[in-house]
$ cat upload-v5.json   # JSON, C-alpha atoms
[["chain", "number", "residue", "atom", "x", "y", "z"],
["A", 1, "MET", "CA", -12.58, -11.93, -8.36],
["A", 2, "PRO", "CA", -14.51, -11.81, -11.70],
["A", 3, "LYS", "CA", -15.16, -8.33, -13.04],
["A", 4, "GLY", "CA", -18.17, -6.71, -11.42],
["A", 5, "ILE", "CA", -17.97, -8.90, -8.29],
["A", 6, "PRO", "CA", -16.26, -7.15, -5.33],
["A", 7, "ASN", "CA", -13.53, -8.95, -3.40],
["A", 8, "PRO", "CA", -14.49, -10.37, 0.01],
["A", 9, "ALA", "CA", -14.26, -7.72, 2.73],
["A", 10, "ALA", "CA", -11.05, -9.18, 4.18],
["A", 11, "MET", "CA", -9.27, -8.95, 0.81],
["A", 12, "TYR", "CA", -10.61, -5.57, -0.32],
["A", 13, "GLY", "CA", -7.76, -3.65, -1.99],
["A", 14, "ILE", "CA", -5.37, -6.57, -1.38],
["A", 15, "TYR", "CA", -3.91, -8.78, -4.10],
["A", 16, "SER", "CA", -2.25, -12.12, -3.41],
["A", 17, "ARG", "CA", 1.17, -12.61, -4.99],
["A", 18, "SER", "CA", 3.61, -15.52, -4.96],
["A", 19, "TRP", "CA", 5.91, -13.57, -2.62],
["A", 20, "GLY", "CA", 3.22, -12.08, -0.37],
["A", 21, "PHE", "CA", 0.52, -9.41, -0.73],
["A", 22, "GLU", "CA", 0.14, -6.13, -2.58],
["A", 23, "VAL", "CA", -2.17, -3.35, -1.37],
["A", 24, "SER", "CA", -3.42, -0.84, -3.93],
["A", 25, "ILE", "CA", -6.19, 1.71, -3.32],
["A", 26, "VAL", "CA", -6.85, 4.76, -5.50],
["A", 27, "ARG", "CA", -8.24, 7.94, -3.94],
["A", 28, "ASN", "CA", -9.01, 11.02, -6.03],
["A", 29, "GLY", "CA", -6.50, 9.97, -8.66],
["A", 30, "VAL", "CA", -3.76, 9.16, -6.12],
["A", 31, "ARG", "CA", -2.64, 5.54, -5.78],
["A", 32, "HIS", "CA", -1.81, 4.33, -2.28],
["A", 33, "HIS", "CA", 0.41, 1.29, -2.70],
["A", 34, "ARG", "CA", 2.55, -0.93, -0.48],
["A", 35, "LEU", "CA", 4.02, -4.45, -0.59],
["A", 36, "PHE", "CA", 4.03, -6.99, 2.25],
["A", 37, "GLY", "CA", 6.40, -9.90, 1.62],
["A", 38, "LYS", "CA", 6.05, -13.22, 3.40],
["A", 39, "ALA", "CA", 9.78, -13.27, 4.11],
["A", 40, "SER", "CA", 9.64, -9.84, 5.77],
["A", 41, "TYR", "CA", 6.92, -10.87, 8.20],
["A", 42, "GLY", "CA", 7.76, -14.51, 8.87],
["A", 43, "GLY", "CA", 5.05, -16.09, 6.74],
["A", 44, "ALA", "CA", 1.86, -15.49, 4.77],
["A", 45, "GLU", "CA", -0.42, -15.15, 7.81],
["A", 46, "GLN", "CA", 1.48, -12.23, 9.34],
["A", 47, "ALA", "CA", 2.11, -10.61, 5.95],
["A", 48, "LEU", "CA", -1.64, -10.59, 5.28],
["A", 49, "LEU", "CA", -2.47, -9.18, 8.74],
["A", 50, "HIS", "CA", -0.04, -6.31, 8.20],
["A", 51, "ALA", "CA", -1.43, -5.71, 4.70],
["A", 52, "GLN", "CA", -4.96, -5.56, 6.10],
["A", 53, "ASP", "CA", -3.89, -3.19, 8.88],
["A", 54, "TRP", "CA", -2.34, -0.78, 6.38],
["A", 55, "ARG", "CA", -5.35, -1.08, 4.06],
["A", 56, "ASP", "CA", -7.63, -0.20, 6.98],
["A", 57, "PHE", "CA", -5.44, 2.80, 7.85],
["A", 58, "ILE", "CA", -5.73, 4.15, 4.29],
["A", 59, "VAL", "CA", -9.50, 3.59, 4.20],
["A", 60, "ARG", "CA", -9.95, 5.51, 7.46],
["A", 61, "SER", "CA", -7.48, 8.33, 6.85],
["A", 62, "VAL", "CA", -8.17, 8.93, 3.14],
["A", 63, "PRO", "CA", -11.93, 8.54, 2.64],
["A", 64, "PRO", "CA", -13.45, 8.64, -0.85],
["A", 65, "GLN", "CA", -15.07, 11.78, -2.23],
["A", 66, "ALA", "CA", -18.43, 12.92, -0.96],
["A", 67, "ARG", "CA", -21.17, 11.72, -3.30],
["A", 68, "ARG", "CA", -22.19, 15.29, -4.04],
["A", 69, "GLU", "CA", -18.62, 16.32, -4.85],
["A", 70, "ARG", "CA", -18.25, 13.40, -7.23],
["A", 71, "ALA", "CA", -21.63, 14.21, -8.84],
["A", 72, "GLU", "CA", -20.48, 17.77, -9.50],
["A", 73, "LYS", "CA", -17.29, 16.70, -11.27],
["A", 74, "HIS", "CA", -17.39, 17.72, -14.92],
["A", 75, "ARG", "CA", -17.55, 14.77, -17.33],
["A", 76, "THR", "CA", -15.79, 14.81, -20.68],
["A", 77, "ASN", "CA", -19.01, 13.79, -22.47],
["A", 78, "ASN", "CA", -20.96, 16.69, -21.00],
["A", 79, "SER", "CA", -21.75, 19.27, -23.68],
["A", 80, "THR", "CA", -23.73, 21.82, -21.65],
["A", 81, "GLY", "CA", -21.01, 22.98, -19.25],
["A", 82, "VAL", "CA", -23.00, 21.95, -16.16],
["A", 83, "THR", "CA", -22.82, 18.40, -14.84],
["A", 84, "GLY", "CA", -26.26, 16.84, -14.55],
["A", 85, "VAL", "CA", -27.84, 19.29, -16.98],
["A", 86, "PHE", "CA", -28.61, 18.03, -20.48],
["A", 87, "HIS", "CA", -30.43, 19.33, -23.53],
["A", 88, "HIS", "CA", -32.81, 17.66, -25.95],
["A", 89, "LEU", "CA", -32.26, 18.59, -29.57],
["A", 90, "ALA", "CA", -34.82, 18.76, -32.33],
["A", 91, "PRO", "CA", -33.99, 16.98, -35.63],
["A", 92, "GLY", "CA", -32.51, 20.20, -37.03],
["A", 93, "GLY", "CA", -30.19, 20.68, -34.05],
["A", 94, "ARG", "CA", -32.31, 23.26, -32.26],
["A", 95, "VAL", "CA", -32.56, 22.92, -28.46],
["A", 96, "ARG", "CA", -36.13, 22.06, -27.58],
["A", 97, "ALA", "CA", -35.74, 21.34, -23.87],
["A", 98, "TRP", "CA", -33.29, 21.40, -20.94],
["A", 99, "MET", "CA", -33.23, 18.64, -18.35],
["A", 100, "ALA", "CA", -31.83, 18.36, -14.80],
["A", 101, "LYS", "CA", -31.10, 14.78, -13.72],
["A", 102, "THR", "CA", -29.54, 13.35, -10.54],
["A", 103, "TYR", "CA", -29.03, 9.74, -9.46],
["A", 104, "ILE", "CA", -29.79, 9.56, -5.72],
["A", 105, "ALA", "CA", -30.25, 5.81, -5.26],
["A", 106, "PRO", "CA", -31.15, 2.79, -7.41],
["A", 107, "ASP", "CA", -34.85, 3.44, -6.77],
["A", 108, "GLU", "CA", -34.62, 7.25, -6.76],
["A", 109, "ILE", "CA", -33.56, 9.15, -9.87],
["A", 110, "LEU", "CA", -34.60, 12.80, -9.95],
["A", 111, "ARG", "CA", -35.44, 14.30, -13.35],
["A", 112, "THR", "CA", -37.14, 17.52, -14.42],
["A", 113, "ASP", "CA", -37.57, 18.83, -17.98],
["A", 114, "PHE", "CA", -37.89, 22.49, -19.00],
["A", 115, "SER", "CA", -39.37, 23.15, -22.43],
["A", 116, "VAL", "CA", -37.82, 25.94, -24.49],
["A", 117, "ALA", "CA", -41.13, 26.38, -26.32],
["A", 118, "ASP", "CA", -42.86, 27.17, -23.01],
["A", 119, "LEU", "CA", -40.07, 28.94, -21.09],
["A", 120, "GLY", "CA", -37.84, 30.40, -23.78],
["A", 121, "ASP", "CA", -34.31, 31.38, -22.71],
["A", 122, "ASP", "CA", -35.21, 30.77, -19.06],
["A", 123, "ALA", "CA", -35.35, 27.00, -19.63],
["A", 124, "GLN", "CA", -31.60, 26.50, -19.28],
["A", 125, "ALA", "CA", -31.30, 28.65, -16.13],
["A", 126, "LEU", "CA", -34.21, 26.83, -14.54],
["A", 127, "ALA", "CA", -32.61, 23.46, -15.29],
["A", 128, "ILE", "CA", -29.37, 24.60, -13.64],
["A", 129, "GLN", "CA", -31.26, 25.80, -10.56],
["A", 130, "GLU", "CA", -33.16, 22.51, -10.38],
["A", 131, "ARG", "CA", -29.93, 20.53, -10.57],
["A", 132, "ALA", "CA", -28.57, 22.50, -7.57],
["A", 133, "GLN", "CA", -31.72, 21.66, -5.61],
["A", 134, "GLN", "CA", -31.44, 17.97, -6.52],
["A", 135, "LEU", "CA", -27.84, 17.83, -5.30],
["A", 136, "LYS", "CA", -28.93, 18.96, -1.83],
["A", 137, "ARG", "CA", -30.61, 15.58, -1.42],
["A", 138, "MET", "CA", -27.37, 13.72, -2.11],
["A", 139, "THR", "CA", -25.49, 12.92, 1.10],
["A", 140, "GLY", "CA", -22.71, 10.62, 2.31],
["A", 141, "LEU", "CA", -19.54, 9.35, 0.70],
["A", 142, "ALA", "CA", -19.09, 7.63, -2.63],
["A", 143, "ARG", "CA", -19.61, 3.90, -2.16],
["A", 144, "ILE", "CA", -16.39, 2.29, -3.37],
["A", 145, "HIS", "CA", -16.73, -1.18, -1.81],
["A", 146, "PRO", "CA", -19.21, -2.73, 0.65],
["A", 147, "ALA", "CA", -16.39, -3.22, 3.19],
["A", 148, "GLU", "CA", -15.33, 0.44, 3.31],
["A", 149, "GLU", "CA", -18.03, 1.76, 5.61],
["A", 150, "ALA", "CA", -17.53, -1.08, 8.09],
["A", 151, "ILE", "CA", -13.77, -0.47, 8.13],
["A", 152, "ARG", "CA", -14.24, 3.26, 8.75],
["A", 153, "MET", "CA", -16.58, 2.41, 11.64],
["A", 154, "GLY", "CA", -13.87, 0.25, 13.21],
["A", 155, "LEU", "CA", -15.52, -3.05, 12.36],
["A", 156, "SER", "CA", -12.43, -4.93, 11.24],
["A", 157, "ALA", "CA", -12.83, -7.59, 8.57],
["A", 158, "HIS", "CA", -9.85, -9.56, 9.90],
["A", 159, "PRO", "CA", -8.74, -10.95, 13.29],
["A", 160, "PRO", "CA", -7.09, -8.59, 15.80],
["A", 161, "GLY", "CA", -4.45, -11.16, 16.73],
["A", 162, "PRO", "CA", -0.80, -10.40, 17.59],
["A", 163, "ARG", "CA", 1.46, -8.82, 14.99],
["A", 164, "THR", "CA", 5.13, -9.65, 14.49],
["A", 165, "ALA", "CA", 7.48, -6.78, 13.73],
["A", 166, "LYS", "CA", 8.73, -6.45, 10.19],
["A", 167, "ARG", "CA", 12.11, -8.03, 9.72],
["A", 168, "SER", "CA", 14.99, -5.98, 8.39],
["A", 169, "LYS", "CA", 16.69, -7.21, 5.24],
["A", 170, "SER", "CA", 19.57, -8.48, 7.35],
["A", 171, "GLU", "CA", 17.18, -10.75, 9.29],
["A", 172, "ILE", "CA", 15.59, -12.43, 6.26],
["A", 173, "THR", "CA", 16.90, -15.91, 5.52],
["A", 174, "ARG", "CA", 17.49, -16.30, 1.78],
["A", 175, "ARG", "CA", 16.56, -19.40, -0.17],
["A", 176, "ASN", "CA", 20.20, -20.27, -0.87],
["A", 177, "ASN", "CA", 21.10, -20.07, 2.81],
["A", 178, "THR", "CA", 22.33, -23.42, 4.16],
["A", 179, "SER", "CA", 22.53, -22.56, 7.85],
["A", 180, "GLY", "CA", 18.95, -21.59, 8.55],
["A", 181, "VAL", "CA", 20.24, -18.30, 10.02],
["A", 182, "SER", "CA", 20.37, -15.10, 8.02],
["A", 183, "GLY", "CA", 23.91, -13.80, 7.53],
["A", 184, "VAL", "CA", 25.57, -17.15, 8.32],
["A", 185, "HIS", "CA", 26.98, -19.10, 5.37],
["A", 186, "PHE", "CA", 29.18, -22.12, 4.77],
["A", 187, "LYS", "CA", 32.12, -21.50, 2.41],
["A", 188, "THR", "CA", 34.64, -23.79, 0.74],
["A", 189, "PRO", "CA", 37.48, -22.06, -1.19],
["A", 190, "ASN", "CA", 38.18, -25.28, -3.13],
["A", 191, "PRO", "CA", 37.02, -28.93, -3.14],
["A", 192, "SER", "CA", 39.88, -30.07, -0.90],
["A", 193, "HIS", "CA", 39.34, -27.36, 1.72],
["A", 194, "PRO", "CA", 37.37, -28.43, 4.83],
["A", 195, "GLY", "CA", 35.49, -25.14, 4.67],
["A", 196, "TYR", "CA", 34.46, -22.55, 7.20],
["A", 197, "TRP", "CA", 31.32, -20.89, 8.54],
["A", 198, "LEU", "CA", 31.11, -17.17, 7.87],
["A", 199, "ALA", "CA", 29.11, -14.54, 9.77],
["A", 200, "ILE", "CA", 28.62, -11.36, 7.74],
["A", 201, "THR", "CA", 26.54, -8.21, 8.30],
["A", 202, "TYR", "CA", 26.10, -5.28, 5.93],
["A", 203, "THR", "CA", 25.46, -1.74, 7.12],
["A", 204, "THR", "CA", 24.32, 0.92, 4.65],
["A", 205, "GLY", "CA", 27.10, 3.39, 3.95],
["A", 206, "LYS", "CA", 29.66, 1.47, 6.04],
["A", 207, "GLY", "CA", 30.19, -1.71, 4.07],
["A", 208, "SER", "CA", 30.24, -5.12, 5.72],
["A", 209, "VAL", "CA", 31.88, -6.72, 8.72],
["A", 210, "SER", "CA", 32.56, -10.45, 8.70],
["A", 211, "LYS", "CA", 34.28, -13.19, 10.65],
["A", 212, "ALA", "CA", 35.00, -16.79, 9.65],
["A", 213, "PHE", "CA", 35.33, -19.94, 11.79],
["A", 214, "SER", "CA", 37.31, -22.85, 10.38],
["A", 215, "VAL", "CA", 35.83, -26.34, 10.40],
["A", 216, "LYS", "CA", 39.34, -27.74, 10.65],
["A", 217, "VAL", "CA", 40.04, -25.80, 13.85],
["A", 218, "HIS", "CA", 36.65, -25.89, 15.57],
["A", 219, "GLY", "CA", 34.84, -28.83, 14.03],
["A", 220, "ALA", "CA", 31.72, -28.49, 11.86],
["A", 221, "GLU", "CA", 29.10, -27.99, 14.58],
["A", 222, "MET", "CA", 31.20, -25.71, 16.79],
["A", 223, "ALA", "CA", 32.27, -23.57, 13.82],
["A", 224, "LYS", "CA", 28.64, -23.11, 12.84],
["A", 225, "SER", "CA", 27.61, -22.26, 16.42],
["A", 226, "LEU", "CA", 30.41, -19.71, 16.72],
["A", 227, "ALA", "CA", 29.36, -18.11, 13.43],
["A", 228, "ILE", "CA", 25.73, -17.88, 14.60],
["A", 229, "ALA", "CA", 26.84, -16.24, 17.87],
["A", 230, "GLU", "CA", 29.07, -13.84, 15.95],
["A", 231, "ARG", "CA", 26.20, -12.91, 13.66],
["A", 232, "ALA", "CA", 24.03, -12.08, 16.69],
["A", 233, "SER", "CA", 26.83, -9.90, 18.06],
["A", 234, "GLN", "CA", 27.20, -8.10, 14.71],
["A", 235, "LEU", "CA", 23.49, -7.38, 14.56],
["A", 236, "ALA", "CA", 23.52, -6.05, 18.13],
["A", 237, "ASP", "CA", 26.42, -3.74, 17.25],
["A", 238, "LYS", "CA", 24.59, -2.58, 14.13],
["A", 239, "LEU", "CA", 21.40, -1.84, 16.04],
["A", 240, "ARG", "CA", 23.29, 0.03, 18.75],
["A", 241, "ALA", "CA", 25.10, 2.16, 16.16],
["A", 242, "GLU", "CA", 21.83, 2.96, 14.38],
["A", 243, "GLU", "CA", 20.17, 3.98, 17.67],
["A", 244, "GLU", "CA", 23.13, 6.21, 18.58],
["A", 245, "ALA", "CA", 23.09, 7.82, 15.12],
["A", 246, "ALA", "CA", 19.35, 8.44, 15.34],
["A", 247, "ALA", "CA", 19.78, 10.11, 18.74],
["A", 248, "GLN", "CA", 22.34, 12.60, 17.40],
["A", 249, "PRO", "CA", 21.20, 16.08, 16.27],
["A", 250, "VAL", "CA", 20.90, 16.29, 12.50],
["A", 251, "SER", "CA", 23.74, 18.84, 12.32],
["A", 252, "GLN", "CA", 26.15, 16.35, 13.96],
["A", 253, "ARG", "CA", 25.36, 13.35, 11.81],
["A", 254, "LYS", "CA", 28.09, 12.21, 9.47],
["A", 255, "PRO", "CA", 27.27, 12.09, 5.75],
["A", 256, "ARG", "CA", 27.03, 8.66, 4.23],
["A", 257, "ALA", "CA", 30.07, 7.36, 2.45],
["A", 258, "ARG", "CA", 29.90, 7.38, -1.32],
["A", 259, "THR", "CA", 31.32, 3.87, -1.54],
["A", 260, "ALA", "CA", 30.92, 1.03, 0.91],
["A", 261, "ALA", "CA", 34.24, -0.01, 2.40],
["A", 262, "SER", "CA", 34.48, -3.65, 3.29],
["A", 263, "SER", "CA", 36.40, -4.96, 6.28],
["A", 264, "ALA", "CA", 36.93, -8.61, 7.08],
["A", 265, "LYS", "CA", 38.29, -10.34, 10.16],
["A", 266, "ARG", "CA", 39.12, -13.94, 9.46],
["A", 267, "ASN", "CA", 40.14, -16.68, 11.86],
["A", 268, "ASN", "CA", 40.68, -19.70, 9.63],
["A", 269, "GLY", "CA", 43.34, -21.25, 11.87]]
$ encode --input "upload-v5.json" --output "structure tokens"
Amino acid sequence: MPKGIPNPAAMYGIYSRSWGFEVSIVRNGVRHHRLFGKASYGGAEQALLHAQDWRDFIVRSVPPQARRERAEKHRTNNSTGVTGVFHHLAPGGRVRAWMAKTYIAPDEILRTDFSVADLGDDAQALAIQERAQQLKRMTGLARIHPAEEAIRMGLSAHPPGPRTAKRSKSEITRRNNTSGVSGVHFKTPNPSHPGYWLAITYTTGKGSVSKAFSVKVHGAEMAKSLAIAERASQLADKLRAEEEAAAQPVSQRKPRARTAASSAKRNNG
């Protein structure tokens, strides 16, 4: 959106990218950031829903500063040492008055001046006391975006429809994939070779397991079907191993291998 115009409530803190959506919200100098790729969630619609869900979680769990706390933060351009307290200088540089000023609302700005000529050295102390009294009238949280309060109240700015689980990297079909199934690829060692369908699955720290099915032996369609079934079996084995590892006590878990060993089982016929 153009500068100065807030994003629509549904897209607050969310930025559309060619690959999906990026969420970025800053709270008290800390940036909360996460990416939601279309490939990981099966399309743009689901990626956006997950991005909105996470944005809502951050808005609710990490609220902005209280207005009073933000008003008390020392500004670099403040020369008096007390935020909201200013001095008026005479042409020669002498302080002629101290002022306490607090912005409460667009139609309510509190301001009180204390003349040094009338009050002497007490003028500064009185201005500081007045500023403290003004701050007592400042309530609520800093208003970051019009959508924030509604989100914190549970009034979602996006539909509550079903959510698909995030896909693992092994389940994402790459653009150069010719089978339509992640982890299943057609290979031809040379132009005269009939080729084979390969099922391959990578496991972090354990390398990859693969199995090939020859077109010459099985025919093109059957070789592809066998590779797809093998890929499903590999993924099931991987999931089972991960669940078993997660169930083990930390002291019994094996350390990850430094290098990934690769094993291949080929059946080219």
$ atom_distance --input "upload-v5.json" --atom1 "atom CA of A:Ala90" --atom2 "atom CA of A:Thr102"
23.1 Å
$ closest_atom_pairs --input "upload-v5.json" --of "stretch 54-163 of chain A" --to "stretch 35-45 of chain A" --cutoff "12 Å" --atoms "all atoms listed in the file" --output "Markdown table"
| residue | atom | partner | partner_atom | distance |
| --- | --- | --- | --- | --- |
| A:Trp54 | CA | A:Phe36 | CA | 9.8 |
| A:Arg55 | CA | A:Leu35 | CA | 11.0 |
| A:His158 | CA | A:Glu45 | CA | 11.2 |
| A:Pro159 | CA | A:Glu45 | CA | 10.8 |
| A:Gly161 | CA | A:Glu45 | CA | 10.6 |
| A:Pro162 | CA | A:Glu45 | CA | 10.9 |
| A:Arg163 | CA | A:Tyr41 | CA | 9.0 |
$ atom_distance --input "upload-v5.json" --atom1 "atom CA of A:Glu108" --atom2 "atom CA of A:Ala123"
23.6 Å
$ closest_residue --input "upload-v5.json" --among "A:Ala227, A:Ile151, A:Ile200, A:Ile109" --to "A:Ala10" --atoms "only C-alpha atoms"
A:Ile151
$ closest_residue --input "upload-v5.json" --among "A:Ala47, A:Ala105, A:Arg131, A:Ala232" --to "A:Val82" --atoms "all atoms listed in the file"
A:Arg131
$ closest_residue --input "upload-v5.json" --among "A:Ala147, A:Pro194, A:Lys166, A:Val116" --to "A:Ala220" --atoms "only C-alpha atoms"
A:Pro194
$ closest_residue --input "upload-v5.json" --among "A:Ala125, A:Val181, A:Val62, A:Val215" --to "A:Thr80" --atoms "only C-alpha atoms"
A:Ala125
